[in-house]
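K.L.:
This is data_39.cif (mmCIF, C-alpha atoms).
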data_structure
loop_
_atom_site.label_atom_id
_atom_site.label_comp_id
_atom_site.auth_asym_id
_atom_site.auth_seq_id
_atom_site.Cartn_x
_atom_site.Cartn_y
_atom_site.Cartn_z
CA MET A 1 -189.29 63.08 1.35
CA ARG A 2 -187.39 63.85 4.55
CA HIS A 3 -185.96 60.32 4.64
CA PHE A 4 -185.04 60.44 0.93
CA VAL A 5 -183.22 63.81 1.22
CA ALA A 6 -181.36 62.93 4.41
CA LYS A 7 -180.21 59.54 3.12
CA GLY A 8 -179.12 60.95 -0.24
CA LEU A 9 -177.17 63.86 1.26
CA ARG A 10 -175.42 61.59 3.78
CA ARG A 11 -174.39 59.33 0.90
CA LEU A 12 -172.74 62.38 -0.71
CA GLY A 13 -170.77 63.14 2.46
CA PHE A 14 -172.92 65.79 4.14
CA GLU A 15 -173.68 65.73 7.86
CA VAL A 16 -177.46 65.85 8.13
CA GLU A 17 -180.02 66.30 10.90
CA ALA A 18 -183.62 65.68 9.89
CA VAL A 19 -186.58 67.21 11.78
CA ALA A 20 -190.33 66.95 11.23
CA SER A 21 -191.40 70.61 11.16
CA GLY A 22 -190.35 74.23 10.73
CA THR A 23 -190.82 74.76 14.46
CA ASP A 24 -188.39 71.91 15.23
CA ALA A 25 -185.92 73.34 12.68
CA VAL A 26 -185.92 76.77 14.33
CA ALA A 27 -185.49 75.24 17.80
CA ARG A 28 -182.60 73.04 16.61
CA TYR A 29 -180.92 75.99 14.83
CA GLU A 30 -181.27 78.16 17.94
CA ALA A 31 -179.53 75.50 20.03
CA ARG A 32 -176.77 74.93 17.48
CA PRO A 33 -176.29 76.94 14.26
CA PHE A 34 -176.11 74.90 11.06
CA ASP A 35 -174.36 75.69 7.77
CA LEU A 36 -177.61 75.41 5.82
CA CYS A 37 -181.28 74.49 6.06
CA VAL A 38 -183.21 72.57 3.38
CA SER A 39 -186.93 73.11 3.87
CA ASP A 40 -190.17 72.29 2.10
CA VAL A 41 -192.34 75.32 1.25
CA ARG A 42 -195.70 73.85 2.22
CA MET A 43 -195.71 72.40 5.76
CA PRO A 44 -198.23 72.30 8.60
CA GLY A 45 -197.55 74.85 11.33
CA LEU A 46 -194.66 77.05 10.22
CA ASP A 47 -194.44 76.91 6.44
CA GLY A 48 -191.17 77.25 4.55
CA VAL A 49 -191.32 81.05 4.20
CA GLN A 50 -192.11 81.52 7.91
CA THR A 51 -189.29 79.13 8.81
CA LEU A 52 -186.95 81.17 6.63
CA GLU A 53 -187.95 84.39 8.38
CA LYS A 54 -187.46 82.84 11.82
CA LEU A 55 -184.01 81.50 10.90
CA ARG A 56 -182.93 84.82 9.38
CA GLY A 57 -184.12 86.49 12.57
CA LEU A 58 -181.77 84.25 14.56
CA ASP A 59 -178.93 84.62 12.05
CA PRO A 60 -179.05 87.21 9.22
CA ASP A 61 -176.56 85.05 7.30
CA ALA A 62 -178.58 81.82 7.58
CA LEU A 63 -178.64 79.87 4.30
CA VAL A 64 -181.93 78.28 3.24
CA VAL A 65 -182.65 76.17 0.14
CA LEU A 66 -186.33 75.47 -0.47
CA MET A 67 -188.08 72.44 -2.02
CA THR A 68 -191.30 73.21 -3.84
CA ALA A 69 -193.85 71.59 -6.11
CA TYR A 70 -194.31 73.07 -9.57
CA GLY A 71 -197.49 74.88 -8.54
CA SER A 72 -195.71 76.68 -5.67
CA ILE A 73 -192.77 78.10 -7.63
CA GLN A 74 -194.08 81.66 -7.11
CA SER A 75 -193.94 81.10 -3.34
CA ALA A 76 -190.30 80.00 -3.65
CA VAL A 77 -189.45 83.05 -5.79
CA ASP A 78 -191.06 85.28 -3.17
CA ALA A 79 -189.00 83.51 -0.51
CA ILE A 80 -185.80 84.22 -2.43
CA ARG A 81 -186.72 87.91 -2.36
CA ARG A 82 -186.93 87.55 1.42
CA GLY A 83 -183.50 85.95 1.67
CA ALA A 84 -183.69 82.30 0.63
CA PHE A 85 -180.60 81.29 -1.32
CA ASP A 86 -182.18 78.96 -3.91
CA TYR A 87 -184.99 76.47 -4.57
CA VAL A 88 -185.44 73.12 -6.32
CA THR A 89 -188.63 71.89 -7.94
CA LYS A 90 -190.10 68.51 -6.97
CA PRO A 91 -189.59 65.89 -8.17
CA PHE A 92 -185.80 66.26 -8.27
CA GLU A 93 -182.70 64.09 -8.22
CA ILE A 94 -180.60 64.30 -5.06
CA ASP A 95 -177.64 65.48 -7.14
CA GLU A 96 -179.68 68.50 -8.25
CA LEU A 97 -180.28 69.46 -4.63
CA ALA A 98 -176.61 68.82 -3.82
CA VAL A 99 -175.55 71.32 -6.53
CA ALA A 100 -177.75 74.00 -4.96
CA ILE A 101 -176.35 73.20 -1.51
CA GLU A 102 -172.72 73.30 -2.70
CA ARG A 103 -173.37 76.62 -4.43
CA ALA A 104 -174.81 78.02 -1.20
CA LEU A 105 -171.90 76.74 0.89
CA GLU A 106 -169.38 78.15 -1.62
CA HIS A 107 -171.15 81.48 -1.29
CA ARG A 108 -170.81 81.34 2.49
CA ALA A 109 -167.12 80.39 2.28
CA LEU A 110 -166.36 83.27 -0.08
CA ARG A 111 -168.28 85.67 2.14
CA THR A 112 -166.33 84.49 5.19
CA GLU A 113 -163.00 84.90 3.37
CA ASN A 114 -164.08 88.30 2.08
CA ARG A 115 -164.78 89.45 5.61
CA ALA A 116 -161.43 88.10 6.76
CA LEU A 117 -159.63 90.05 4.05
CA LYS A 118 -161.55 93.22 4.90
CA GLN A 119 -160.65 92.79 8.55
CA LEU A 120 -157.01 92.49 7.53
CA VAL A 121 -157.25 95.67 5.49
CA ASP A 122 -159.07 97.56 8.22
CA ALA A 123 -156.74 96.38 11.00
CA ARG A 124 -153.80 98.61 9.96
CA ASP A 125 -151.64 96.20 11.91
CA GLY A 126 -147.95 96.94 11.90
CA TYR A 127 -145.11 98.35 13.91
CA ALA A 128 -143.10 101.57 13.63
CA GLY A 129 -144.24 102.21 10.06
CA LEU A 130 -143.90 98.58 8.99
CA VAL A 131 -146.99 96.65 7.86
CA GLY A 132 -147.81 93.05 8.63
CA GLN A 133 -149.82 90.56 10.66
CA SER A 134 -148.06 87.37 9.60
CA PRO A 135 -146.10 85.33 12.15
CA ALA A 136 -142.88 86.07 10.24
CA MET A 137 -143.38 89.84 10.46
CA ARG A 138 -144.53 89.68 14.07
CA SER A 139 -141.22 87.98 14.83
CA VAL A 140 -139.42 90.88 13.14
CA PHE A 141 -141.46 93.38 15.16
CA ALA A 142 -140.64 91.52 18.38
CA THR A 143 -136.91 91.67 17.63
CA ILE A 144 -137.08 95.41 16.92
CA GLU A 145 -139.00 95.92 20.16
CA ARG A 146 -136.41 93.95 22.14
CA LEU A 147 -133.75 96.26 20.68
CA ARG A 148 -135.62 99.41 21.73
CA GLY A 149 -133.07 101.84 23.17
CA SER A 150 -130.21 99.50 22.24
CA GLU A 151 -126.92 100.55 20.62
CA ALA A 152 -126.35 97.09 19.15
CA THR A 153 -125.15 96.81 15.58
CA VAL A 154 -127.73 95.05 13.41
CA LEU A 155 -127.37 93.09 10.17
CA ILE A 156 -130.53 92.79 8.06
CA GLY A 157 -130.89 90.05 5.46
CA GLY A 158 -133.55 89.54 2.85
CA GLU A 159 -134.29 89.54 -0.85
CA SER A 160 -134.36 92.77 -2.82
CA GLY A 161 -137.58 94.69 -2.18
CA THR A 162 -138.47 93.10 1.16
CA GLY A 163 -138.18 96.39 3.07
CA LYS A 164 -134.73 96.29 4.64
CA GLU A 165 -134.44 100.09 4.72
CA MET A 166 -137.87 100.32 6.40
CA VAL A 167 -136.63 97.98 9.14
CA ALA A 168 -133.48 100.07 9.53
CA ARG A 169 -135.62 103.20 9.89
CA ALA A 170 -137.78 101.41 12.48
CA LEU A 171 -134.64 100.47 14.44
CA HIS A 172 -133.55 104.10 14.34
CA ALA A 173 -137.02 105.43 15.30
CA THR A 174 -137.21 103.16 18.35
CA SER A 175 -133.66 103.88 19.53
CA ALA A 176 -132.28 106.57 21.80
CA ARG A 177 -130.86 108.13 18.60
CA ALA A 178 -134.31 108.80 17.11
CA GLY A 179 -133.69 112.56 17.32
CA GLY A 180 -130.42 112.25 15.39
CA PRO A 181 -129.84 111.84 11.64
CA PHE A 182 -130.62 108.70 9.68
CA VAL A 183 -128.07 108.52 6.87
CA VAL A 184 -128.28 106.01 4.01
CA LEU A 185 -125.24 104.71 2.17
CA GLN A 186 -126.39 102.99 -1.03
CA CYS A 187 -123.21 101.05 -1.79
CA ALA A 188 -124.43 99.77 -5.16
CA ALA A 189 -125.51 103.23 -6.35
CA ILE A 190 -122.18 105.03 -5.84
CA PRO A 191 -119.33 104.50 -8.36
CA GLU A 192 -116.37 102.76 -6.72
CA THR A 193 -114.11 105.72 -7.59
CA LEU A 194 -116.28 108.02 -5.48
CA LEU A 195 -117.28 105.58 -2.74
CA GLU A 196 -114.48 106.33 -0.27
CA SER A 197 -114.94 110.07 -0.69
CA GLU A 198 -118.69 109.73 -0.10
CA LEU A 199 -118.22 107.47 2.90
CA PHE A 200 -115.25 109.14 4.65
CA GLY A 201 -115.28 112.67 3.22
CA HIS A 202 -112.22 114.53 1.93
CA GLU A 203 -109.98 117.48 2.57
CA PRO A 204 -109.25 120.23 0.01
CA GLY A 205 -106.70 119.05 -2.54
CA ALA A 206 -107.23 115.36 -1.76
CA PHE A 207 -107.80 114.81 -5.48
CA THR A 208 -108.44 116.84 -8.62
CA GLY A 209 -111.60 118.88 -8.12
CA ALA A 210 -111.58 118.67 -4.31
CA VAL A 211 -111.55 122.43 -3.65
CA LYS A 212 -113.13 122.41 -0.20
CA ARG A 213 -113.62 120.08 2.73
CA LYS A 214 -116.51 117.68 2.46
CA ARG A 215 -118.02 115.69 5.32
CA GLY A 216 -118.55 112.04 4.47
CA LEU A 217 -121.69 110.05 5.23
CA ILE A 218 -120.12 108.53 8.34
CA GLU A 219 -119.46 111.97 9.79
CA LYS A 220 -122.93 113.17 8.79
CA ALA A 221 -124.41 110.29 10.77
CA HIS A 222 -122.79 111.56 14.01
CA GLY A 223 -125.37 111.28 16.80
CA GLY A 224 -127.62 109.05 14.73
CA THR A 225 -127.66 105.92 12.56
CA LEU A 226 -125.73 105.02 9.42
CA PHE A 227 -127.56 102.50 7.23
CA VAL A 228 -125.12 100.65 4.96
CA ASP A 229 -127.27 99.12 2.22
CA GLU A 230 -125.90 96.27 0.09
CA LEU A 231 -122.83 95.89 2.25
CA ALA A 232 -121.20 93.25 0.01
CA ASP A 233 -120.89 95.83 -2.82
CA LEU A 234 -118.27 97.80 -0.83
CA SER A 235 -114.72 97.46 -2.14
CA LEU A 236 -112.34 95.50 0.09
CA LEU A 237 -110.42 98.73 0.84
CA ALA A 238 -113.61 100.53 1.88
CA GLN A 239 -114.59 97.50 3.96
CA SER A 240 -111.25 97.63 5.75
CA LYS A 241 -111.72 101.31 6.56
CA LEU A 242 -115.32 100.77 7.72
CA GLU A 243 -114.11 97.98 9.97
CA ARG A 244 -111.59 100.43 11.45
CA VAL A 245 -114.38 102.95 12.10
CA LEU A 246 -116.36 100.31 13.97
CA GLU A 247 -113.32 99.54 16.12
CA THR A 248 -112.11 103.08 16.89
CA ARG A 249 -115.22 105.24 16.30
CA GLU A 250 -113.00 107.58 14.32
CA VAL A 251 -112.85 108.48 10.64
CA VAL A 252 -109.99 110.01 8.66
CA PRO A 253 -111.12 111.97 5.57
CA LEU A 254 -109.28 111.37 2.30
CA GLY A 255 -106.25 113.63 2.12
CA GLY A 256 -106.35 114.22 5.86
CA SER A 257 -104.34 112.96 8.81
CA THR A 258 -106.40 114.05 11.82
CA PRO A 259 -109.03 111.55 12.92
CA VAL A 260 -112.58 112.84 13.48
CA HIS A 261 -114.52 111.24 16.35
CA VAL A 262 -117.95 109.88 15.39
CA ASP A 263 -120.72 108.67 17.66
CA LEU A 264 -123.07 106.57 15.59
CA ARG A 265 -124.85 103.27 15.31
CA ILE A 266 -124.41 101.15 12.19
CA VAL A 267 -127.16 99.06 10.67
CA ALA A 268 -126.14 97.11 7.57
CA ALA A 269 -128.14 95.12 5.03
CA SER A 270 -127.61 92.85 2.05
CA ASN A 271 -129.67 90.70 -0.29
CA ARG A 272 -126.69 88.38 -0.81
CA ASP A 273 -125.61 85.31 1.11
CA LEU A 274 -122.96 86.98 3.27
CA GLU A 275 -121.50 83.72 4.54
CA ALA A 276 -120.86 82.76 0.90
CA ALA A 277 -119.37 86.23 0.28
CA VAL A 278 -116.95 85.65 3.17
CA ARG A 279 -116.00 82.27 1.74
CA ASP A 280 -115.33 83.64 -1.74
CA GLY A 281 -113.32 86.56 -0.37
CA SER A 282 -115.61 89.41 -1.51
CA LEU A 283 -116.50 90.29 2.10
CA ARG A 284 -113.96 90.67 4.87
CA ARG A 285 -114.50 88.10 7.59
CA GLU A 286 -113.62 90.55 10.37
CA LEU A 287 -116.13 93.14 9.12
CA TYR A 288 -118.84 90.50 8.83
CA PHE A 289 -118.33 89.36 12.44
CA ARG A 290 -118.35 92.97 13.69
CA LEU A 291 -121.65 93.68 11.94
CA ASP A 292 -123.38 90.38 12.65
CA VAL A 293 -124.18 91.19 16.28
CA VAL A 294 -127.97 90.96 15.92
CA ARG A 295 -129.44 89.42 12.77
CA ILE A 296 -132.89 90.22 11.37
CA GLN A 297 -133.97 88.12 8.38
CA LEU A 298 -136.87 89.51 6.37
CA PRO A 299 -139.20 86.98 4.71
CA PRO A 300 -140.06 87.31 1.01
CA LEU A 301 -143.62 88.41 0.32
CA ARG A 302 -144.54 84.98 -1.07
CA GLU A 303 -144.00 83.57 2.43
CA ARG A 304 -146.32 86.08 4.10
CA ARG A 305 -149.22 86.33 1.68
CA GLU A 306 -151.63 87.18 4.51
CA ASP A 307 -149.95 90.61 4.64
CA VAL A 308 -150.78 91.44 1.01
CA PRO A 309 -154.23 93.03 1.78
CA LEU A 310 -152.67 95.26 4.44
CA LEU A 311 -149.88 96.32 2.12
CA VAL A 312 -152.28 96.94 -0.76
CA ASP A 313 -154.39 99.21 1.43
CA ARG A 314 -151.30 101.14 2.51
CA PHE A 315 -150.14 101.52 -1.10
CA LEU A 316 -153.61 102.54 -2.31
CA GLY A 317 -153.53 105.46 0.13
CA ALA A 318 -150.00 106.45 -0.85
CA ALA A 319 -150.80 106.23 -4.58
CA ALA A 320 -153.96 108.31 -4.19
CA GLU A 321 -152.00 111.03 -2.41
CA ARG A 322 -149.16 110.96 -4.93
CA LEU A 323 -151.44 110.95 -8.00
CA GLY A 324 -153.97 113.39 -6.60
CA VAL A 325 -156.94 111.02 -6.98
CA LYS A 326 -159.54 109.59 -4.63
CA LYS A 327 -158.37 106.54 -2.71
CA LYS A 328 -159.61 103.42 -4.44
CA ARG A 329 -160.83 100.06 -3.22
CA ILE A 330 -159.66 96.66 -4.42
CA GLY A 331 -162.45 94.18 -5.09
CA PHE A 332 -162.32 90.83 -3.34
CA ASP A 333 -161.71 88.96 -6.61
CA ALA A 334 -158.74 91.20 -7.46
CA MET A 335 -157.39 90.95 -3.91
CA VAL A 336 -157.41 87.16 -4.11
CA VAL A 337 -155.46 87.26 -7.38
CA LEU A 338 -152.96 89.75 -5.94
CA SER A 339 -152.52 87.55 -2.88
CA ARG A 340 -151.61 84.58 -5.06
CA GLN A 341 -148.91 86.31 -7.15
CA PRO A 342 -145.27 85.16 -6.77
CA TRP A 343 -144.03 88.77 -6.24
CA ALA A 344 -140.41 88.11 -7.18
CA GLY A 345 -139.74 91.80 -6.51
CA ASN A 346 -141.46 91.52 -3.12
CA VAL A 347 -143.04 94.55 -1.43
CA ARG A 348 -141.44 97.00 -3.87
CA GLU A 349 -142.99 95.21 -6.84
CA LEU A 350 -146.41 95.15 -5.14
CA ALA A 351 -146.20 98.90 -4.43
CA ASN A 352 -145.37 99.64 -8.07
CA ALA A 353 -148.19 97.37 -9.28
CA VAL A 354 -150.77 99.12 -7.07
CA GLU A 355 -149.65 102.58 -8.20
CA ARG A 356 -149.82 101.46 -11.85
CA LEU A 357 -153.39 100.23 -11.32
CA CYS A 358 -154.38 103.57 -9.81
CA ALA A 359 -152.69 105.54 -12.58
CA LEU A 360 -154.40 103.55 -15.35
CA ARG A 361 -157.90 103.80 -13.81
CA PRO A 362 -157.99 107.28 -12.23
CA GLU A 363 -161.81 107.49 -12.51
CA ALA A 364 -162.60 104.12 -10.91
CA ASP A 365 -163.78 103.80 -7.30
CA GLU A 366 -163.07 100.06 -7.19
CA LEU A 367 -160.49 98.01 -9.05
CA GLY A 368 -161.54 94.50 -10.04
CA VAL A 369 -159.86 91.43 -11.44
CA LEU A 370 -160.28 92.63 -15.03
CA ASP A 371 -158.26 95.76 -14.18
CA LEU A 372 -155.24 93.59 -13.37
CA PRO A 373 -152.61 92.96 -16.04
CA GLU A 374 -153.25 89.85 -18.13
CA GLU A 375 -150.07 88.20 -16.86
CA MET A 376 -151.48 88.37 -13.31
CA ARG A 377 -154.84 86.93 -14.30
CA GLY A 378 -152.99 84.07 -15.96
CA PRO A 379 -153.43 82.06 -19.13
CA ILE A 380 -156.56 80.28 -17.91
CA GLY A 381 -158.91 82.67 -19.65
CA ALA A 382 -156.97 82.78 -22.91
CA THR A 383 -159.15 80.10 -24.50
CA ALA A 384 -162.44 81.27 -23.02
CA GLY A 385 -163.54 83.13 -26.15
CA SER A 386 -163.80 86.81 -26.84
CA ASP A 387 -166.09 87.77 -23.97
CA PRO A 388 -163.87 89.51 -21.38
CA ARG A 389 -166.41 88.72 -18.67
CA ALA A 390 -165.95 85.00 -19.35
CA VAL A 391 -162.19 85.39 -19.16
CA GLY A 392 -162.47 87.19 -15.86
CA GLN A 393 -164.84 84.57 -14.49
CA LEU A 394 -162.45 81.74 -15.32
CA ASP A 395 -159.52 83.57 -13.83
CA TYR A 396 -161.55 84.37 -10.75
CA GLU A 397 -162.54 80.74 -10.18
CA ALA A 398 -158.95 79.55 -10.62
CA ALA A 399 -157.73 82.23 -8.23
CA ILE A 400 -160.38 81.29 -5.66
CA ARG A 401 -159.36 77.62 -5.84
CA GLY A 402 -155.70 78.55 -5.40
CA PHE A 403 -156.57 80.84 -2.50
CA GLU A 404 -158.69 78.13 -0.85
CA GLN A 405 -155.95 75.53 -1.25
CA GLY A 406 -153.40 77.77 0.44
CA TYR A 407 -155.86 78.87 3.14
CA PHE A 408 -156.98 75.36 4.16
CA ALA A 409 -153.44 73.95 3.94
CA GLN A 410 -152.22 76.69 6.30
CA LEU A 411 -155.18 76.04 8.61
CA LEU A 412 -154.42 72.31 8.82
CA LYS A 413 -150.72 72.99 9.27
CA GLN A 414 -151.50 75.33 12.16
CA THR A 415 -153.71 72.75 13.89
CA GLY A 416 -151.49 69.76 13.14
CA GLY A 417 -154.18 68.17 10.99
CA ASN A 418 -156.86 68.37 13.69
CA MET A 419 -160.04 68.78 11.61
CA THR A 420 -162.26 69.74 14.55
CA GLU A 421 -159.91 72.48 15.69
CA ALA A 422 -159.38 73.69 12.11
CA ALA A 423 -163.13 73.91 11.52
CA ALA A 424 -163.56 75.91 14.75
CA LEU A 425 -160.81 78.34 13.73
CA ALA A 426 -162.34 78.82 10.28
CA GLY A 427 -165.86 79.26 11.69
CA ILE A 428 -167.33 76.43 9.60
CA SER A 429 -168.71 72.99 10.37
CA ARG A 430 -166.47 69.94 10.45
CA GLY A 431 -168.48 68.43 7.60
CA HIS A 432 -167.98 71.50 5.44
CA LEU A 433 -164.25 71.38 6.16
CA HIS A 434 -164.11 67.68 5.21
CA ARG A 435 -165.86 68.40 1.91
CA LYS A 436 -163.62 71.35 1.06
CA THR A 437 -160.38 69.55 1.88
CA ARG A 438 -161.52 66.50 -0.10
CA GLN A 439 -162.27 68.72 -3.11
CA LEU A 440 -158.87 70.37 -2.80
CA GLY A 441 -156.96 67.11 -2.39
CA LEU A 442 -155.93 67.84 1.20
CA GLN A 443 -155.95 65.32 4.07
CA GLY A 444 -155.55 66.04 7.76
CA GLU A 445 -153.15 63.11 8.13
CA GLN A 446 -150.50 64.72 5.95
CA PHE A 447 -150.21 67.63 8.40
CA ARG A 448 -149.80 65.56 11.54
CA GLY A 449 -146.33 65.52 13.15
#
Starting from the file, lay out its structure as structure tokens.

P.N.:
Amino acid sequence: MRHFVAKGLRRLGFEVEAVASGTDAVARYEARPFDLCVSDVRMPGLDGVQTLEKLRGLDPDALVVLMTAYGSIQSAVDAIRRGAFDYVTKPFEIDELAVAIERALEHRALRTENRALKQLVDARDGYAGLVGQSPAMRSVFATIERLRGSEATVLIGGESGTGKEMVARALHATSARAGGPFVVLQCAAIPETLLESELFGHEPGAFTGAVKRKRGLIEKAHGGTLFVDELADLSLLAQSKLERVLETREVVPLGGSTPVHVDLRIVAASNRDLEAAVRDGSLRRELYFRLDVVRIQLPPLRERREDVPLLVDRFLGAAAERLGVKKKRIGFDAMVVLSRQPWAGNVRELANAVERLCALRPEADELGVLDLPEEMRGPIGATAGSDPRAVGQLDYEAAIRGFEQGYFAQLLKQTGGNMTEAAALAGISRGHLHRKTRQLGLQGEQFRG
């Protein structure tokens, strides 16, 4: 039986070590942990149940699949109650055993990924109010840290919703101006007819309705930071005047003639291609060069999916406080689906989605995949019949496969296709990694320089 099982499993691509007794199995496992143990129930010396108990004593997560004759099924059932994963009844085909093994290994992989996600959520990693563990965000944090105490003008790029204002606030909070005001100029939100007045202020009588002096946003930012959001939406005249402020550190209110000195730092941002805006004449070249002293480019959320669990946890807390409900948990299945979304609206869209989930299920302690909108779960379950549990199961399996594909591709990319190193990083055996990558259509060679 030992020869038959070992030969059959090797033929299917498993790495197998065969030993003659439960005692030998425990000794071998103690020297080098294995992904899984296949054991007979009735053996001389340590029987299968005793072997199971010894292995679980060494490793509470040890996976054991038992082989049993028909008359010993009750012993196998008892063993499952003590922690065995599954059993097969002799005589069996090797493929039947392989199915049980694959199911056990899938269980271990999901458990490992679940723990990784929980560690991400529990880590609260971030910087100056920003959230992220991804290499892209750590690069952003490093740039902000290098600018600590600096007066340098900063230009922030990134798609809408990536958190450009949060980065501007972090720059302000880590500067020598942290005790001063942080003033936001939303260029796209102010009508062009009022923009100059809002930005530079005005004197009484400057225009109809101007009955008293008003300080503009630039003057209000004296001693602190002015954040110019969506810079390319400024009119060319306003751009020219802002450029003058950067050069002279003075502002002249509308209707006035006496310059007002301002001491401020300017941080600007845009979701547009500013080089293209310069080329088409909608952005003044001189202003662009004055602002582009230090550039910070924020990645879209789809390029830093590993940060989604951290962000979700942050937004769950914020939503609970805002809605006056208990903070909820996101189930692993739902977290995987959320992590695989395209998030065209980036972090802002994710925050809105989490708050909507909390608002629609105020009584729930945990939100699962079936609580997600149908468009997130995808069309896969649409033909699964009327049972919503079946729909959720199909969506879950598709999401898991997508998550695994991205996870193992990133792992191989990080290790340059080195399967041994990738397996060590993932905490799985090299054989398990080979099987998973083969199932997912990935090859180490395609990731080698």

K.L.:
Could you check which of A:Met137, A:Arg32, A:Glu151, A:Gly368 is closest to Ala178 of chain A, using all atoms listed in the file?

P.N.:
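Of A:Met137, A:Arg32, A:Glu151, A:Gly368, the one nearest Ala178 of chain A is A:Glu151, counting all atoms listed in the file.
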
K.L.:
Write out as a ChimeraX atom specification each polymer residue whose atoms come within 7 Å of Val347 of chain A, counting only C-alpha atoms; drop sequence neighbours fewer than 6 positions from it.

P.N.:
/A:161-163,301

K.L.:
Tell me, as a compact mmCIF listing (two decimals) with C-alpha atoms, in the frame of the given file, which residues lie within 7 Å of Val41 of chain A, counting all atoms listed in the file; anything in the same chain fewer than 4 positions away does not count.

P.N.:
# COMPACT_ATOMS: atom_id res chain seq x y z
CA ASP A 47 -194.44 76.91 6.44
CA GLY A 48 -191.17 77.25 4.55
CA VAL A 49 -191.32 81.05 4.20
CA LEU A 66 -186.33 75.47 -0.47
CA MET A 67 -188.08 72.44 -2.02
CA THR A 68 -191.30 73.21 -3.84

K.L.:
When you count all atoms listed in the file, which of these residues is closest to Ser150 of chain A: A:Val38, A:Asp273, A:Val26, A:Val294?

P.N.:
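For Ser150 of chain A, the nearest of the given residues is A:Val294.
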
K.L.:
Interatomic distance between atom CA of Gln50 of chain A and atom CA of Val88 of chain A?

P.N.:
17.8 Å

K.L.:
Of the candidates A:Asp95, A:Glu219, A:Val267, A:Leu350, which one gets nearest to Arg169 of chain A if we count all atoms listed in the file?

P.N.:
A:Val267

K.L.:
Provide the atom CA of Leu9 of chain A to atom CA of Ile94 of chain A distance in Å, to one decimal place.

P.N.:
7.2 Å

K.L.:
When you draw a straight line from atom CA of Phe182 of chain A to atom CA of His222 of chain A, how long is it in Å?

P.N.:
9.4 Å

K.L.:
Which residues match the PyMOL selection byres ((chain A and resi 198) around 12) in the file above, as a PyMOL selection string?

P.N.:
chain A and resi 183-187+189-197+199-203+213-220+234+238+253-254

K.L.:
I need the output of the PyMOL selection byres ((chain A and resi 143) around 12) for this file as a ChimeraX atom specification; which residues are they?

P.N.:
/A:127,136-142,144-148,150,152,154,156,167,170-171,174,294-298

K.L.:
So which residues fall inside 12 Å of (-118.7, 87.8, -2.6) if we count all atoms listed in the file? Mind giving them as a PyMOL selection string?

P.N.:
chain A and resi 230-236+270-285+288

K.L.:
For C-alpha atoms, I'd like the residues from the last selection saved as a PDB file, in the frame of the given file.

P.N.:
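In the end it all went to again.pdb:
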ATOM      1  CA  GLU A 230    -125.900  96.270   0.090  1.00  0.00           C
ATOM      2  CA  LEU A 231    -122.830  95.890   2.250  1.00  0.00           C
ATOM      3  CA  ALA A 232    -121.200  93.250   0.010  1.00  0.00           C
ATOM      4  CA  ASP A 233    -120.890  95.830  -2.820  1.00  0.00           C
ATOM      5  CA  LEU A 234    -118.270  97.800  -0.830  1.00  0.00           C
ATOM      6  CA  SER A 235    -114.720  97.460  -2.140  1.00  0.00           C
ATOM      7  CA  LEU A 236    -112.340  95.500   0.090  1.00  0.00           C
ATOM      8  CA  SER A 270    -127.610  92.850   2.050  1.00  0.00           C
ATOM      9  CA  ASN A 271    -129.670  90.700  -0.290  1.00  0.00           C
ATOM     10  CA  ARG A 272    -126.690  88.380  -0.810  1.00  0.00           C
ATOM     11  CA  ASP A 273    -125.610  85.310   1.110  1.00  0.00           C
ATOM     12  CA  LEU A 274    -122.960  86.980   3.270  1.00  0.00           C
ATOM     13  CA  GLU A 275    -121.500  83.720   4.540  1.00  0.00           C
ATOM     14  CA  ALA A 276    -120.860  82.760   0.900  1.00  0.00           C
ATOM     15  CA  ALA A 277    -119.370  86.230   0.280  1.00  0.00           C
ATOM     16  CA  VAL A 278    -116.950  85.650   3.170  1.00  0.00           C
ATOM     17  CA  ARG A 279    -116.000  82.270   1.740  1.00  0.00           C
ATOM     18  CA  ASP A 280    -115.330  83.640  -1.740  1.00  0.00           C
ATOM     19  CA  GLY A 281    -113.320  86.560  -0.370  1.00  0.00           C
ATOM     20  CA  SER A 282    -115.610  89.410  -1.510  1.00  0.00           C
ATOM     21  CA  LEU A 283    -116.500  90.290   2.100  1.00  0.00           C
ATOM     22  CA  ARG A 284    -113.960  90.670   4.870  1.00  0.00           C
ATOM     23  CA  ARG A 285    -114.500  88.100   7.590  1.00  0.00           C
ATOM     24  CA  TYR A 288    -118.840  90.500   8.830  1.00  0.00           C
TER      25      TYR A 288
END
